[in-house]
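Chemist: Have a look at this one before I ask anything.
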Amino acid sequence: MTNEATIKAPDVDFNTPALQRHRKIRAFKDRFAASAIGVGGMSIILAITLIFFYLMYEVVPLFKPASIEQVATYARPGADVATKYLYMEEQGEQALRIAEDGSLVFFNTRNGQLTHTQQLPVPAGVTLKSVTDAGIGSKLLVAGLSDGTALLLQHAYKVTYPNDQRVISPVIEYPFGETPLVLDAAGSALTQVALRDTSDAMLLVAITEAGQLVSAYYTKEENFLSGELTLEQADITLPHLADRVSHLEIAPDLRWLYVGTESGKLDVYDLRDKQAPVLNSHINFASGAVHIETMQLLLGGMSLIVGDSDGNITQLFMVRDSNNQYALTRVRDFTPRASGVSVLAAEQRRKGFLIGDKTGHISIFNATANRQLLTEKVQDSEIKSLIIAPRANYLMFENGRGEFEFWSVDNEHPEVSWSALWGEVWYEGYAEPDYIWQSSSASNDFEPKYSLVPLAFGTIKAAFYAMLIATPLAICGALYTAYFMAPGLRRKVKPSIELMEALPTVILGFLAGLFFAPYMELHLPGVFTWLLIMPLAFVLFGFVWANLPQQIRHLLPDGWMPVILLPLVVLVTWLSFWMSPLVEHWFFGGDMRHWITDELGIGFDQRNALVVGFAMGFAVIPTIFSITEDAVFSVPKHLSYGSLALGATQWQTMIRVVLPTASPGIFSAIMIGMGRAVGETMIVLMATGNTPVMEMNIFEGLRTLSANIAVEMPESEVASTHFRILFLAAFVLFLFTFVVNTVAEYVRQRLRNKYSVI
Amino acid sequence: MRVSFKDWSRKGDPWIWLNAGAVAISLVMVFGLLLLIAQRGLVHFWPHALVEADYVMADGRQSTIIGEIVDSEEVSAEQLSTAGIHVPAGVEFLQRDLLKVGNRDVGGFDFRWVLDRDLPNKRYPVELMSVERREWGNFYGYLESVREAGQEVATGDLWAELQTRIARTLSIYEEIYDVEKKDIGAINHELERLRLKERGYQLRNELTEERKQSLAMQRQALDEDYAVLQTRLEQLYTEIRRDSMTARTMDGKVVDIPLAKVVRAYRPNAMALPEQIGFYFSKLAEFVGDDPREANTEGGIFPAIYGTVLMVLLMSILVTPLGVVAAVYLREYAHQGAITRLIRIAVNNLAGVPSIVYGVFGLGFFIYFIGAGVDQVFFPEALPSPTFGTPGLLWASITLAILTLPVVIVATEEGLARIPRSIREGSLALGATKAETLWRVVLPMASPAIMTGMILAIARAAGEVAPLMLVGVVKLAPSLPLDMNYPYLHLDQKFMHLGFHIYDVGFQSPNVEAARPLVYATSLLLVLVIALLNLSAVAIRNRLREKYKALEM
């Protein structure tokens, strides 16, 4: 039998070369598809995770400490005497050195070769005592001479590109002539000079050998025809101090004169009346043998950094109190240098400074962030003549052997620290420490304020009010839809509410900002009336309904209650807004807005948190509704049937049986809803005033992290600190929503597994 | 049968009613919102009646006011008194009307709030005309004369004469538009390409004399074409400036309006219903098909529709294959272990990451990182002005593709999971390889699910604005991203977008009040498109479910 069958089988050869080839090709295709899909699938998933890594890649440099690296060392360029002044130009290619003998040399910073040499036009027999600039980065210098006079000079750098090569040629000018200005008629040598130059006046203050102050004050007159400036000497009287003065600084507006004495005291004089300066504040730094070692104003001329011989570094500035009185205030102390501060160099573009100490360490600080970015031992002896290039990318100092050292500096984002982002910071010009976000301003010497707290607060505030409105509505609605509603109605209601989720948020934001906000401002009492009477109306209606004759009640099938409530909602809404002016008239003196600002004393913005709450609540209702509804609906029916059979009412079953079983699902719904509210951009962008204020007040605006990104990202400079902080904000949002969603998803999975057991 | 409140509430019924109320409120909110948008958006195109009324000013002087009543509200006497308006005792509320008075060039502003009690003797004269202009917004007033080269013409039917002359001017205007935008635009585009070509040769040191000459010749040819067009333009401009009209405003001033600046003139009070309907549809057509005017506050939104559609198309071309491959890998090829589950959760959660984060990522990674690299390698001749190193259509599409990728993956996976195992096994048992099973059996069966994912992705992408603000939209694009100039599809160009248009016109426009109806209309269009897409996704999903229910039997 079997044999016969085999013989009768059709004679098909499955192994012809053609078929074999075909099979091979198919097998190859199969393997190819498997590996292609494997590689493709994996790489797509990897590409998605790239978001995480890329955001991190942009954020990490913010927290990198600074680093410095030696570039070159060479013998002192020019005369082998003490250096009085050192400056590096914009590109860090050339530097200017003014030596004690009055020689003035420009040299290449990388090899010390002289490019230009000049001698100061100092009269015979007179020597150079001191040189200072007119504030940070100013190229106007003043040289104090041994005969009580001072010479003003200016250096400039012309950049040309012959043969596409950058050539920098330095120039020295004497804007006010080569004749020195007389400060001390008695002819005592000026050991230290301070100079400030404004558009209409110039103030020179110097310390004589006797440790006393001498000064000269000039007003500027512009010749209408030639535009030439001429100086007119004006009167100024400075007080006579009991102590010997050792340090001097003048505020840029010529109002404050900071005087440090050898006994370690710091006095501030108010020079508003140049004839009669007033002592404003007096701070004593001395304790024992400690004295002020270095003192300098930071960029902007507001903050004074004082380093003493004990190594303490302090920042001070004038703080205005509520009576409009200024007082010099110690604002913050920096990590002290144990071996004592010897030299301080302020950055020209940021509120940062460098400290060189007695044991050869260089430290880099940032004032706003109160951050020590670097401390590195570069030699054994004291650091002298420390300077930093305008772009803060190079530094130079004189080492113990009298050589010049040129180092490169990598310090991109000193303004950021944990305390600057999340702590209270005392900014210049503020009365007290505060959380402030203000990333840019028109002026160059502006102190950027990067506190993320107001933004995080705004985000939470917006999300809080949105959840306050969305959660009850969405959860109650979902409970009814999943448990009480007739299946026929449910099939229509669920997609309708889910349709809300698809509505572009830009439309919700637009309606909230341009329709709802002004409408609500006019009908504020109506909104609150509505919130108050709407639930009452439902209960009242229900009670009346329960008392209606059965014939009428039976007209409405079971589980169709919302349909009959629709007209009620419309009616109550109409009624509350119709009554709004009346309510306003009865209770709020006709104008609730005024009542809020006058009687309650709180601010009111048209686009406020209440508007955002409604608009964003609207956006998260469908999310919460949909997930809650699924969770409640998938609670096994036999649980509720059992409960009902035991005599529990519908509502008892709901509360005692269904709700606890579905609660993890509801929890995850709320989490996911919150994730959406936190990250939502367009609604908050359009429905709030975007002011980064920290007020829990429901009638005031806010600014969220996401809206802040949308507003500021397009104008932020690539790779700047601001740019990276915005990335950090995005990273925080990403992490927050990702974690929240993961937790929610995990809870949901657990719930699903639990049901499969039941 | 009377129920006491105590009994009734003990059963927990008030809570059930409250829950039902929550559903009712949600439903009223959804449909109320849609109705609000529809009502405000649709009414915009209707010819509104122009009212003329005597206006009693605060100091008792009287004048005439002409305008459209746009809005009116009840204001309490207290609020008015604080604003310094005298309200007689006993009156608690007054009606305040928002009048669009137009004539911005004459009066300075085109909206005005007036108290209804100050407007006695309202009337609707049929001769009142409304003129839509290309500058200064609408003009409301009476037609005085029609002029040709400054000389009054036509004494009979002024209105008919005006209409024929406006029609003539419009046709000339269209011709000018064609010459300026299309012909001259093409020449400028060619010239720019020649410049880049020359620069490219220079950079590579390949700029020989020969090439220089050939470039110069091409340039000369283009310049000649340009000269011809220029003469034609001048001629057209003289022609279009020929006609004008004079009209009287509400305060009796006679104004000269050149017809070249007129889009249309109509007398809304004289229109019968059919005319009104005709007018409505012509306005609607203008809205959908024309360029915007007056800083986007008037005219149409065609470029925004075009940009949105093009961007969404590009996005779906990118996202569909990627999403499907990832889903197939996850469901069919990957080992179903803890890691796959983890990946699935991660992908799911990416759908919940705020869209602005994707925008930030797109800006940093695609534009500043990849785009800048692409420019260095492929477009060195255009540097330092960036080609792909700046926000544009391509980057916007890719960013949105990544944003919607989880949507497609999740939907496709769901579809794949629904296909019964027996079907796959059947195919394998018949000798098909896994790849063949996938291609011939599984994917076709999952195609509705893939479609659903794609539609949901499109719906999400079409409504997303926040990331686009960072990666490519602009308020006004000078040209369409797909046109007749080589290389036809300009992936590097910025584009206009419906959602951004709403934000921009509603919030950044100098004349928000005037732009408001247009924003409602734009919103309506966007909502319609998105609702339609979503409903079709739901329909497809339901059909799919039915189909597999049959299979499972």
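Convention: chains lettered A, B, ... in structure tokens order; per-chain residue numbering from 1; ligands numbered from 1 as shown.
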Segment 13-189 of chain B: which residues are strand (DSSP E or B) by DSSP, as a PDB file with N, CA, C and O atoms, in the first residue's frame?

Modeler:
```pdb
ATOM      1  N   VAL B  51     -24.251 101.161   9.751  1.00  0.00           N
ATOM      2  CA  VAL B  51     -25.216 102.019  10.424  1.00  0.00           C
ATOM      3  C   VAL B  51     -24.719 103.461  10.396  1.00  0.00           C
ATOM      4  O   VAL B  51     -23.517 103.730  10.449  1.00  0.00           O
ATOM      5  N   GLU B  52     -25.666 104.370  10.208  1.00  0.00           N
ATOM      6  CA  GLU B  52     -25.324 105.789  10.326  1.00  0.00           C
ATOM      7  C   GLU B  52     -26.159 106.333  11.475  1.00  0.00           C
ATOM      8  O   GLU B  52     -27.346 106.013  11.579  1.00  0.00           O
ATOM      9  N   ALA B  53     -25.536 107.081  12.341  1.00  0.00           N
ATOM     10  CA  ALA B  53     -26.303 107.585  13.472  1.00  0.00           C
ATOM     11  C   ALA B  53     -25.777 108.948  13.878  1.00  0.00           C
ATOM     12  O   ALA B  53     -24.647 109.314  13.555  1.00  0.00           O
ATOM     13  N   ASP B  54     -26.649 109.700  14.544  1.00  0.00           N
ATOM     14  CA  ASP B  54     -26.192 110.954  15.135  1.00  0.00           C
ATOM     15  C   ASP B  54     -25.442 110.580  16.399  1.00  0.00           C
ATOM     16  O   ASP B  54     -25.837 109.678  17.116  1.00  0.00           O
ATOM     17  N   TYR B  55     -24.366 111.278  16.649  1.00  0.00           N
ATOM     18  CA  TYR B  55     -23.569 110.939  17.824  1.00  0.00           C
ATOM     19  C   TYR B  55     -23.485 112.168  18.712  1.00  0.00           C
ATOM     20  O   TYR B  55     -22.997 113.220  18.303  1.00  0.00           O
ATOM     21  N   VAL B  56     -24.002 112.019  19.932  1.00  0.00           N
ATOM     22  CA  VAL B  56     -23.950 113.133  20.869  1.00  0.00           C
ATOM     23  C   VAL B  56     -22.699 112.963  21.714  1.00  0.00           C
ATOM     24  O   VAL B  56     -22.574 111.991  22.445  1.00  0.00           O
ATOM     25  N   GLN B  62     -22.841 117.623  18.461  1.00  0.00           N
ATOM     26  CA  GLN B  62     -23.413 116.509  17.724  1.00  0.00           C
ATOM     27  C   GLN B  62     -22.637 116.279  16.441  1.00  0.00           C
ATOM     28  O   GLN B  62     -22.170 117.222  15.815  1.00  0.00           O
ATOM     29  N   SER B  63     -22.463 115.009  16.092  1.00  0.00           N
ATOM     30  CA  SER B  63     -21.846 114.717  14.796  1.00  0.00           C
ATOM     31  C   SER B  63     -22.463 113.435  14.266  1.00  0.00           C
ATOM     32  O   SER B  63     -23.322 112.845  14.913  1.00  0.00           O
ATOM     33  N   THR B  64     -22.024 113.025  13.117  1.00  0.00           N
ATOM     34  CA  THR B  64     -22.561 111.805  12.526  1.00  0.00           C
ATOM     35  C   THR B  64     -21.495 110.726  12.649  1.00  0.00           C
ATOM     36  O   THR B  64     -20.305 111.022  12.556  1.00  0.00           O
ATOM     37  N   ILE B  65     -21.962 109.514  12.838  1.00  0.00           N
ATOM     38  CA  ILE B  65     -21.005 108.417  12.934  1.00  0.00           C
ATOM     39  C   ILE B  65     -21.479 107.297  12.021  1.00  0.00           C
ATOM     40  O   ILE B  65     -22.684 107.056  11.902  1.00  0.00           O
ATOM     41  N   ILE B  66     -20.521 106.695  11.316  1.00  0.00           N
ATOM     42  CA  ILE B  66     -20.866 105.605  10.405  1.00  0.00           C
ATOM     43  C   ILE B  66     -20.004 104.403  10.768  1.00  0.00           C
ATOM     44  O   ILE B  66     -18.798 104.558  11.011  1.00  0.00           O
ATOM     45  N   GLY B  67     -20.585 103.249  10.811  1.00  0.00           N
ATOM     46  CA  GLY B  67     -19.753 102.086  11.080  1.00  0.00           C
ATOM     47  C   GLY B  67     -20.558 100.807  11.200  1.00  0.00           C
ATOM     48  O   GLY B  67     -21.783 100.799  11.069  1.00  0.00           O
ATOM     49  N   GLU B  68     -19.807  99.709  11.423  1.00  0.00           N
ATOM     50  CA  GLU B  68     -20.447  98.415  11.671  1.00  0.00           C
ATOM     51  C   GLU B  68     -20.495  98.223  13.172  1.00  0.00           C
ATOM     52  O   GLU B  68     -19.496  98.458  13.845  1.00  0.00           O
ATOM     53  N   ILE B  69     -21.617  97.762  13.678  1.00  0.00           N
ATOM     54  CA  ILE B  69     -21.642  97.416  15.101  1.00  0.00           C
ATOM     55  C   ILE B  69     -21.079  96.008  15.237  1.00  0.00           C
ATOM     56  O   ILE B  69     -21.630  95.052  14.712  1.00  0.00           O
ATOM     57  N   VAL B  70     -19.941  95.905  15.885  1.00  0.00           N
ATOM     58  CA  VAL B  70     -19.241  94.629  15.963  1.00  0.00           C
ATOM     59  C   VAL B  70     -19.619  93.872  17.221  1.00  0.00           C
ATOM     60  O   VAL B  70     -19.696  92.655  17.235  1.00  0.00           O
ATOM     61  N   ASP B  71     -19.819  94.621  18.294  1.00  0.00           N
ATOM     62  CA  ASP B  71     -20.013  93.967  19.583  1.00  0.00           C
ATOM     63  C   ASP B  71     -20.789  94.933  20.467  1.00  0.00           C
ATOM     64  O   ASP B  71     -20.713  96.150  20.273  1.00  0.00           O
ATOM     65  N   SER B  72     -21.549  94.403  21.413  1.00  0.00           N
ATOM     66  CA  SER B  72     -22.127  95.314  22.394  1.00  0.00           C
ATOM     67  C   SER B  72     -22.210  94.605  23.730  1.00  0.00           C
ATOM     68  O   SER B  72     -22.295  93.379  23.789  1.00  0.00           O
ATOM     69  N   GLU B  73     -22.129  95.376  24.794  1.00  0.00           N
ATOM     70  CA  GLU B  73     -22.132  94.772  26.120  1.00  0.00           C
ATOM     71  C   GLU B  73     -22.820  95.710  27.098  1.00  0.00           C
ATOM     72  O   GLU B  73     -22.975  96.905  26.854  1.00  0.00           O
ATOM     73  N   GLU B  74     -23.232  95.128  28.214  1.00  0.00           N
ATOM     74  CA  GLU B  74     -23.864  95.898  29.281  1.00  0.00           C
ATOM     75  C   GLU B  74     -22.774  96.337  30.249  1.00  0.00           C
ATOM     76  O   GLU B  74     -21.972  95.533  30.697  1.00  0.00           O
ATOM     77  N   VAL B  75     -22.763  97.614  30.565  1.00  0.00           N
ATOM     78  CA  VAL B  75     -21.773  98.096  31.511  1.00  0.00           C
ATOM     79  C   VAL B  75     -22.503  98.733  32.677  1.00  0.00           C
ATOM     80  O   VAL B  75     -23.509  99.432  32.502  1.00  0.00           O
ATOM     81  N   SER B  76     -21.993  98.470  33.874  1.00  0.00           N
ATOM     82  CA  SER B  76     -22.668  99.019  35.039  1.00  0.00           C
ATOM     83  C   SER B  76     -22.340 100.499  35.180  1.00  0.00           C
ATOM     84  O   SER B  76     -21.297 100.975  34.745  1.00  0.00           O
ATOM     85  N   PHE B  93     -27.520 100.169  34.398  1.00  0.00           N
ATOM     86  CA  PHE B  93     -26.736  99.583  33.313  1.00  0.00           C
ATOM     87  C   PHE B  93     -26.955 100.364  32.032  1.00  0.00           C
ATOM     88  O   PHE B  93     -28.045 100.880  31.777  1.00  0.00           O
ATOM     89  N   LEU B  94     -25.902 100.402  31.240  1.00  0.00           N
ATOM     90  CA  LEU B  94     -26.006 101.042  29.946  1.00  0.00           C
ATOM     91  C   LEU B  94     -25.409 100.118  28.903  1.00  0.00           C
ATOM     92  O   LEU B  94     -24.480  99.353  29.191  1.00  0.00           O
ATOM     93  N   GLN B  95     -25.950 100.202  27.687  1.00  0.00           N
ATOM     94  CA  GLN B  95     -25.396  99.364  26.629  1.00  0.00           C
ATOM     95  C   GLN B  95     -24.268 100.118  25.960  1.00  0.00           C
ATOM     96  O   GLN B  95     -24.374 101.319  25.691  1.00  0.00           O
ATOM     97  N   ARG B  96     -23.178  99.394  25.722  1.00  0.00           N
ATOM     98  CA  ARG B  96     -22.032 100.013  25.064  1.00  0.00           C
ATOM     99  C   ARG B  96     -21.764  99.236  23.787  1.00  0.00           C
ATOM    100  O   ARG B  96     -21.723  98.012  23.808  1.00  0.00           O
ATOM    101  N   ASP B  97     -21.620  99.932  22.684  1.00  0.00           N
ATOM    102  CA  ASP B  97     -21.398  99.263  21.395  1.00  0.00           C
ATOM    103  C   ASP B  97     -19.971  99.477  20.929  1.00  0.00           C
ATOM    104  O   ASP B  97     -19.409 100.561  21.096  1.00  0.00           O
ATOM    105  N   LEU B  98     -19.432  98.433  20.321  1.00  0.00           N
ATOM    106  CA  LEU B  98     -18.128  98.573  19.668  1.00  0.00           C
ATOM    107  C   LEU B  98     -18.387  98.796  18.193  1.00  0.00           C
ATOM    108  O   LEU B  98     -18.958  97.948  17.512  1.00  0.00           O
ATOM    109  N   LEU B  99     -18.015  99.975  17.725  1.00  0.00           N
ATOM    110  CA  LEU B  99     -18.260 100.320  16.330  1.00  0.00           C
ATOM    111  C   LEU B  99     -16.961 100.226  15.553  1.00  0.00           C
ATOM    112  O   LEU B  99     -15.942 100.760  15.974  1.00  0.00           O
ATOM    113  N   LYS B 100     -17.041  99.550  14.402  1.00  0.00           N
ATOM    114  CA  LYS B 100     -15.892  99.598  13.505  1.00  0.00           C
ATOM    115  C   LYS B 100     -16.132 100.770  12.575  1.00  0.00           C
ATOM    116  O   LYS B 100     -17.027 100.703  11.722  1.00  0.00           O
ATOM    117  N   PHE B 111     -11.595 101.390  15.461  1.00  0.00           N
ATOM    118  CA  PHE B 111     -12.631 100.873  16.358  1.00  0.00           C
ATOM    119  C   PHE B 111     -12.960 101.917  17.414  1.00  0.00           C
ATOM    120  O   PHE B 111     -12.095 102.684  17.833  1.00  0.00           O
ATOM    121  N   ARG B 112     -14.180 101.921  17.847  1.00  0.00           N
ATOM    122  CA  ARG B 112     -14.581 102.932  18.806  1.00  0.00           C
ATOM    123  C   ARG B 112     -15.687 102.382  19.686  1.00  0.00           C
ATOM    124  O   ARG B 112     -16.644 101.782  19.189  1.00  0.00           O
ATOM    125  N   TRP B 113     -15.543 102.525  21.004  1.00  0.00           N
ATOM    126  CA  TRP B 113     -16.622 102.154  21.919  1.00  0.00           C
ATOM    127  C   TRP B 113     -17.520 103.371  22.101  1.00  0.00           C
ATOM    128  O   TRP B 113     -17.039 104.454  22.425  1.00  0.00           O
ATOM    129  N   VAL B 114     -18.807 103.206  21.875  1.00  0.00           N
ATOM    130  CA  VAL B 114     -19.732 104.314  22.136  1.00  0.00           C
ATOM    131  C   VAL B 114     -20.916 103.793  22.938  1.00  0.00           C
ATOM    132  O   VAL B 114     -21.318 102.633  22.803  1.00  0.00           O
ATOM    133  N   LEU B 115     -21.478 104.659  23.762  1.00  0.00           N
ATOM    134  CA  LEU B 115     -22.664 104.286  24.521  1.00  0.00           C
ATOM    135  C   LEU B 115     -23.862 104.339  23.582  1.00  0.00           C
ATOM    136  O   LEU B 115     -24.002 105.276  22.797  1.00  0.00           O
ATOM    137  N   ARG B 123     -29.878 104.802  11.392  1.00  0.00           N
ATOM    138  CA  ARG B 123     -30.490 104.550  10.089  1.00  0.00           C
ATOM    139  C   ARG B 123     -29.512 103.759   9.212  1.00  0.00           C
ATOM    140  O   ARG B 123     -28.298 103.747   9.467  1.00  0.00           O
ATOM    141  N   MET B 129     -21.397 103.022   1.380  1.00  0.00           N
ATOM    142  CA  MET B 129     -20.576 101.965   0.795  1.00  0.00           C
ATOM    143  C   MET B 129     -19.395 101.631   1.704  1.00  0.00           C
ATOM    144  O   MET B 129     -18.956 102.433   2.527  1.00  0.00           O
ATOM    145  N   SER B 130     -18.939 100.408   1.536  1.00  0.00           N
ATOM    146  CA  SER B 130     -17.792  99.942   2.276  1.00  0.00           C
ATOM    147  C   SER B 130     -16.727  99.598   1.242  1.00  0.00           C
ATOM    148  O   SER B 130     -17.013  98.911   0.269  1.00  0.00           O
ATOM    149  N   VAL B 131     -15.546 100.141   1.432  1.00  0.00           N
ATOM    150  CA  VAL B 131     -14.470  99.897   0.466  1.00  0.00           C
ATOM    151  C   VAL B 131     -13.348  99.150   1.182  1.00  0.00           C
ATOM    152  O   VAL B 131     -12.809  99.627   2.179  1.00  0.00           O
ATOM    153  N   GLU B 132     -13.027  97.967   0.664  1.00  0.00           N
ATOM    154  CA  GLU B 132     -11.881  97.249   1.228  1.00  0.00           C
ATOM    155  C   GLU B 132     -10.640  97.697   0.484  1.00  0.00           C
ATOM    156  O   GLU B 132     -10.594  97.675  -0.740  1.00  0.00           O
ATOM    157  N   ARG B 133      -9.664  98.112   1.253  1.00  0.00           N
ATOM    158  CA  ARG B 133      -8.458  98.649   0.612  1.00  0.00           C
ATOM    159  C   ARG B 133      -7.234  97.816   0.968  1.00  0.00           C
ATOM    160  O   ARG B 133      -7.255  97.040   1.902  1.00  0.00           O
ATOM    161  N   PHE B 139     -12.817 101.495   4.239  1.00  0.00           N
ATOM    162  CA  PHE B 139     -13.306 102.862   4.182  1.00  0.00           C
ATOM    163  C   PHE B 139     -14.822 102.800   4.183  1.00  0.00           C
ATOM    164  O   PHE B 139     -15.422 102.013   3.454  1.00  0.00           O
ATOM    165  N   TYR B 140     -15.459 103.608   5.007  1.00  0.00           N
ATOM    166  CA  TYR B 140     -16.917 103.694   4.998  1.00  0.00           C
ATOM    167  C   TYR B 140     -17.310 105.118   4.633  1.00  0.00           C
ATOM    168  O   TYR B 140     -16.745 106.073   5.176  1.00  0.00           O
ATOM    169  N   GLY B 141     -18.269 105.253   3.711  1.00  0.00           N
ATOM    170  CA  GLY B 141     -18.713 106.596   3.367  1.00  0.00           C
ATOM    171  C   GLY B 141     -19.603 106.579   2.140  1.00  0.00           C
ATOM    172  O   GLY B 141     -20.096 105.525   1.711  1.00  0.00           O
ATOM    173  N   TYR B 142     -19.809 107.762   1.597  1.00  0.00           N
ATOM    174  CA  TYR B 142     -20.670 107.911   0.413  1.00  0.00           C
ATOM    175  C   TYR B 142     -19.816 108.189  -0.803  1.00  0.00           C
ATOM    176  O   TYR B 142     -18.868 108.982  -0.734  1.00  0.00           O
ATOM    177  N   LEU B 143     -20.178 107.551  -1.901  1.00  0.00           N
ATOM    178  CA  LEU B 143     -19.451 107.779  -3.154  1.00  0.00           C
ATOM    179  C   LEU B 143     -19.820 109.150  -3.691  1.00  0.00           C
ATOM    180  O   LEU B 143     -20.998 109.507  -3.782  1.00  0.00           O
ATOM    181  N   GLU B 144     -18.810 109.957  -4.050  1.00  0.00           N
ATOM    182  CA  GLU B 144     -19.082 111.292  -4.583  1.00  0.00           C
ATOM    183  C   GLU B 144     -18.873 111.337  -6.080  1.00  0.00           C
ATOM    184  O   GLU B 144     -19.725 111.832  -6.809  1.00  0.00           O
ATOM    185  N   SER B 145     -17.730 110.853  -6.515  1.00  0.00           N
ATOM    186  CA  SER B 145     -17.470 110.887  -7.959  1.00  0.00           C
ATOM    187  C   SER B 145     -16.463 109.815  -8.332  1.00  0.00           C
ATOM    188  O   SER B 145     -15.747 109.300  -7.486  1.00  0.00           O
ATOM    189  N   VAL B 146     -16.475 109.471  -9.619  1.00  0.00           N
ATOM    190  CA  VAL B 146     -15.480 108.546 -10.146  1.00  0.00           C
ATOM    191  C   VAL B 146     -14.600 109.359 -11.090  1.00  0.00           C
ATOM    192  O   VAL B 146     -15.097 110.142 -11.884  1.00  0.00           O
ATOM    193  N   ARG B 147     -13.300 109.202 -10.972  1.00  0.00           N
ATOM    194  CA  ARG B 147     -12.409 110.069 -11.736  1.00  0.00           C
ATOM    195  C   ARG B 147     -11.431 109.267 -12.577  1.00  0.00           C
ATOM    196  O   ARG B 147     -11.021 108.172 -12.198  1.00  0.00           O
ATOM    197  N   GLU B 148     -11.098 109.862 -13.715  1.00  0.00           N
ATOM    198  CA  GLU B 148     -10.065 109.274 -14.547  1.00  0.00           C
ATOM    199  C   GLU B 148      -9.001 110.335 -14.722  1.00  0.00           C
ATOM    200  O   GLU B 148      -9.326 111.451 -15.159  1.00  0.00           O
ATOM    201  N   GLN B 151      -9.909 113.715 -13.595  1.00  0.00           N
ATOM    202  CA  GLN B 151     -11.100 114.364 -14.162  1.00  0.00           C
ATOM    203  C   GLN B 151     -12.340 113.538 -13.865  1.00  0.00           C
ATOM    204  O   GLN B 151     -12.342 112.324 -14.034  1.00  0.00           O
ATOM    205  N   GLU B 152     -13.390 114.213 -13.446  1.00  0.00           N
ATOM    206  CA  GLU B 152     -14.619 113.507 -13.129  1.00  0.00           C
ATOM    207  C   GLU B 152     -15.212 112.899 -14.389  1.00  0.00           C
ATOM    208  O   GLU B 152     -15.230 113.532 -15.439  1.00  0.00           O
ATOM    209  N   VAL B 153     -15.631 111.654 -14.307  1.00  0.00           N
ATOM    210  CA  VAL B 153     -16.302 111.039 -15.455  1.00  0.00           C
ATOM    211  C   VAL B 153     -17.647 110.515 -14.994  1.00  0.00           C
ATOM    212  O   VAL B 153     -17.910 110.443 -13.788  1.00  0.00           O
TER     213      VAL B 153
END
```

Chemist: Residues of chain B within 6 Å of chain A, counting only C-alpha atoms, what are they? List them as a VMD selection string.

Modeler: chain B and resid 2 to 3 12 14 18 to 20 22 to 24 78 325 to 326 329 349 353 to 354 357 435 463

Chemist: If you count only C-alpha atoms, which residues fall within 8 Å of segment 149-159 of chain A, apart from same-chain ones fewer than 6 positions away, as a list in words?

Modeler: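 Final neighbour list, sorted by chain and number: Glu89, Lys139, Leu140, Leu141, Val142, Ala143, Arg166, Val167, Ile168, Ser169, Pro170, Val171, Ile172, Glu173, Tyr174, Pro175, Phe176, Gly177, Glu178, Thr179, Pro180, Leu181, Val182, Leu183, Asp184, Gly187, Ala189 and Leu190 of chain A.
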
Chemist: Extract the full set of alpha helix (DSSP H) residues from segment 106-270 of chain B according to DSSP on the backbone, and format it as number ranges by chain.

Modeler: B: 106-107, 158-177, 185-203, 209-240
